[in-house]
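The structure appears right after this line, and notes come after that.
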Amino acid sequence: MILSIIRSDYREFKVFVCNWLFYRRQSLKMSLAIRMADIKQKAWNKQYHVVLLEGSSEDKLVTINRNDFLRLQRKKWLPRHIGWSDFLKTSAFYSTPLNRNNKISCEDRKAAKEKYIKYMRKYIRKKD
């Protein structure tokens with residue numbers, strides 16, 4: 001009896017730790033992608049967006065602008081029929097400001113992380 005209670009507690013703890021590590025890893029991925037988008041925006045003064053590029057082996061968070069979007073479409077990594085604005089509406093988790101003078105608040109970055117983590121929760125459930 002006591003042994004079964006200990007086993008069930010251990011299983012619950014194991015699930016909790018696995019979920020915590022998964023969400024922490026996804027949060028760090030998103031933080032790095034946001035930071036990369038901000039660095040690129042400061043360097044080239046273009047608007048960058050953080051999107052999930054779905055591949056056959058692994059999904060990646062990438063920072064792209066319009067030119068990168070067209071390049072990825074030519075490589076057939078993105079569908080040809082989808083437009084730039086439609087793609088951003090459905091896929092972008094975070095967008096930098098249009099120019100260097102605009103600042104993004106910390107709340108916007110947190111909202112982008114939460115949006116990505118919610119997406120990953122649903123996405124992982126669909127894969128399993």
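Ordering of the structure tokens sets the chain letters (A, B, ...); residue numbers start at 1 within each chain; ligands are numbered from 1 in the order shown.
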
Give me every helix (DSSP H, G or I) residue in region 4-54 of chain A, going by DSSP on the backbone, as a ChimeraX atom specification. /A:4-44

What's around region 76-82 of chain A at 9 Å? Count only C-alpha atoms, leave out sequence neighbours fewer than 6 positions away in its own chain, and write the answer as number ranges by chain. A: 53-55, 69-70

Enter the distance from CA of Ser105 (chain A) to CA of Ile117 (chain A), in Å, rounded to one decimal.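 CA of Ile117 (chain A) lies at a distance of 19.0 Å from CA of Ser105 (chain A).
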
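Note that CA of Trp20 (chain A) and CA of Leu88 (chain A) are 29.0 Å apart.
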
CA of Met36 (chain A) and CA of Arg121 (chain A) are how many Å apart?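 About the pair CA of Met36 (chain A) and CA of Arg121 (chain A): they are 23.4 Å apart.
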
Would you mind listing what lies within 7 Å of region 62-66 of chain A as a list of chain:residue names, with only C-alpha atoms counted and same-chain residues fewer than 4 positions away left out? A:Ala33, A:Ala37, A:Gln47, A:Tyr48, A:His49, A:Val50, A:Val51, A:Leu52, A:Leu53, A:Leu70

For the residues in the current selection, export N, CA, C and O atoms as a PDB file, in the first residue's frame.
```
ATOM      1  N   ALA A  33      15.787  33.391 -29.790  1.00  0.00           N
ATOM      2  CA  ALA A  33      15.273  33.829 -31.090  1.00  0.00           C
ATOM      3  C   ALA A  33      14.873  35.304 -31.056  1.00  0.00           C
ATOM      4  O   ALA A  33      15.143  36.047 -32.006  1.00  0.00           O
ATOM      5  N   ALA A  37      16.572  38.276 -33.277  1.00  0.00           N
ATOM      6  CA  ALA A  37      15.780  39.191 -34.104  1.00  0.00           C
ATOM      7  C   ALA A  37      16.105  40.641 -33.769  1.00  0.00           C
ATOM      8  O   ALA A  37      16.248  41.479 -34.663  1.00  0.00           O
ATOM      9  N   GLN A  47      12.726  45.091 -40.369  1.00  0.00           N
ATOM     10  CA  GLN A  47      11.845  44.404 -39.432  1.00  0.00           C
ATOM     11  C   GLN A  47      12.027  42.898 -39.586  1.00  0.00           C
ATOM     12  O   GLN A  47      11.950  42.358 -40.677  1.00  0.00           O
ATOM     13  N   TYR A  48      12.266  42.228 -38.467  1.00  0.00           N
ATOM     14  CA  TYR A  48      12.433  40.783 -38.447  1.00  0.00           C
ATOM     15  C   TYR A  48      11.317  40.148 -37.637  1.00  0.00           C
ATOM     16  O   TYR A  48      10.762  40.763 -36.731  1.00  0.00           O
ATOM     17  N   HIS A  49      11.011  38.909 -37.985  1.00  0.00           N
ATOM     18  CA  HIS A  49       9.935  38.170 -37.335  1.00  0.00           C
ATOM     19  C   HIS A  49      10.469  36.813 -36.905  1.00  0.00           C
ATOM     20  O   HIS A  49      11.259  36.195 -37.611  1.00  0.00           O
ATOM     21  N   VAL A  50      10.017  36.345 -35.752  1.00  0.00           N
ATOM     22  CA  VAL A  50      10.387  35.024 -35.262  1.00  0.00           C
ATOM     23  C   VAL A  50       9.270  34.066 -35.633  1.00  0.00           C
ATOM     24  O   VAL A  50       8.120  34.263 -35.237  1.00  0.00           O
ATOM     25  N   VAL A  51       9.619  33.064 -36.440  1.00  0.00           N
ATOM     26  CA  VAL A  51       8.642  32.071 -36.890  1.00  0.00           C
ATOM     27  C   VAL A  51       9.198  30.673 -36.665  1.00  0.00           C
ATOM     28  O   VAL A  51      10.398  30.488 -36.487  1.00  0.00           O
ATOM     29  N   LEU A  52       8.318  29.707 -36.698  1.00  0.00           N
ATOM     30  CA  LEU A  52       8.706  28.313 -36.550  1.00  0.00           C
ATOM     31  C   LEU A  52       8.810  27.710 -37.941  1.00  0.00           C
ATOM     32  O   LEU A  52       7.836  27.659 -38.684  1.00  0.00           O
ATOM     33  N   LEU A  53      10.010  27.278 -38.303  1.00  0.00           N
ATOM     34  CA  LEU A  53      10.249  26.645 -39.595  1.00  0.00           C
ATOM     35  C   LEU A  53      10.172  25.145 -39.382  1.00  0.00           C
ATOM     36  O   LEU A  53      11.017  24.555 -38.719  1.00  0.00           O
ATOM     37  N   LEU A  70      11.173  35.043 -49.063  1.00  0.00           N
ATOM     38  CA  LEU A  70      11.179  34.711 -50.493  1.00  0.00           C
ATOM     39  C   LEU A  70      12.247  33.661 -50.803  1.00  0.00           C
ATOM     40  O   LEU A  70      12.027  32.762 -51.622  1.00  0.00           O
TER      41      LEU A  70
END
```

Residues within 9 Å of Gln26 (chain A), please, as a PyMOL selection string. Count only C-alpha atoms; anything in the same chain fewer than 3 positions from it doesn't count. chain A and resi 21-23+29-31+113+116-117+120

Picked from chain A by DSSP as strand (DSSP E), as a ChimeraX atom specification: /A:49-53,60-64,92-95

Nearest to Leu98 (chain A), chosen from A:Ser85, A:Gln73, A:Asn67, A:Asn45, with only C-alpha atoms counted in the distances: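 Smallest separation from Leu98 (chain A) among the options: A:Asn45.
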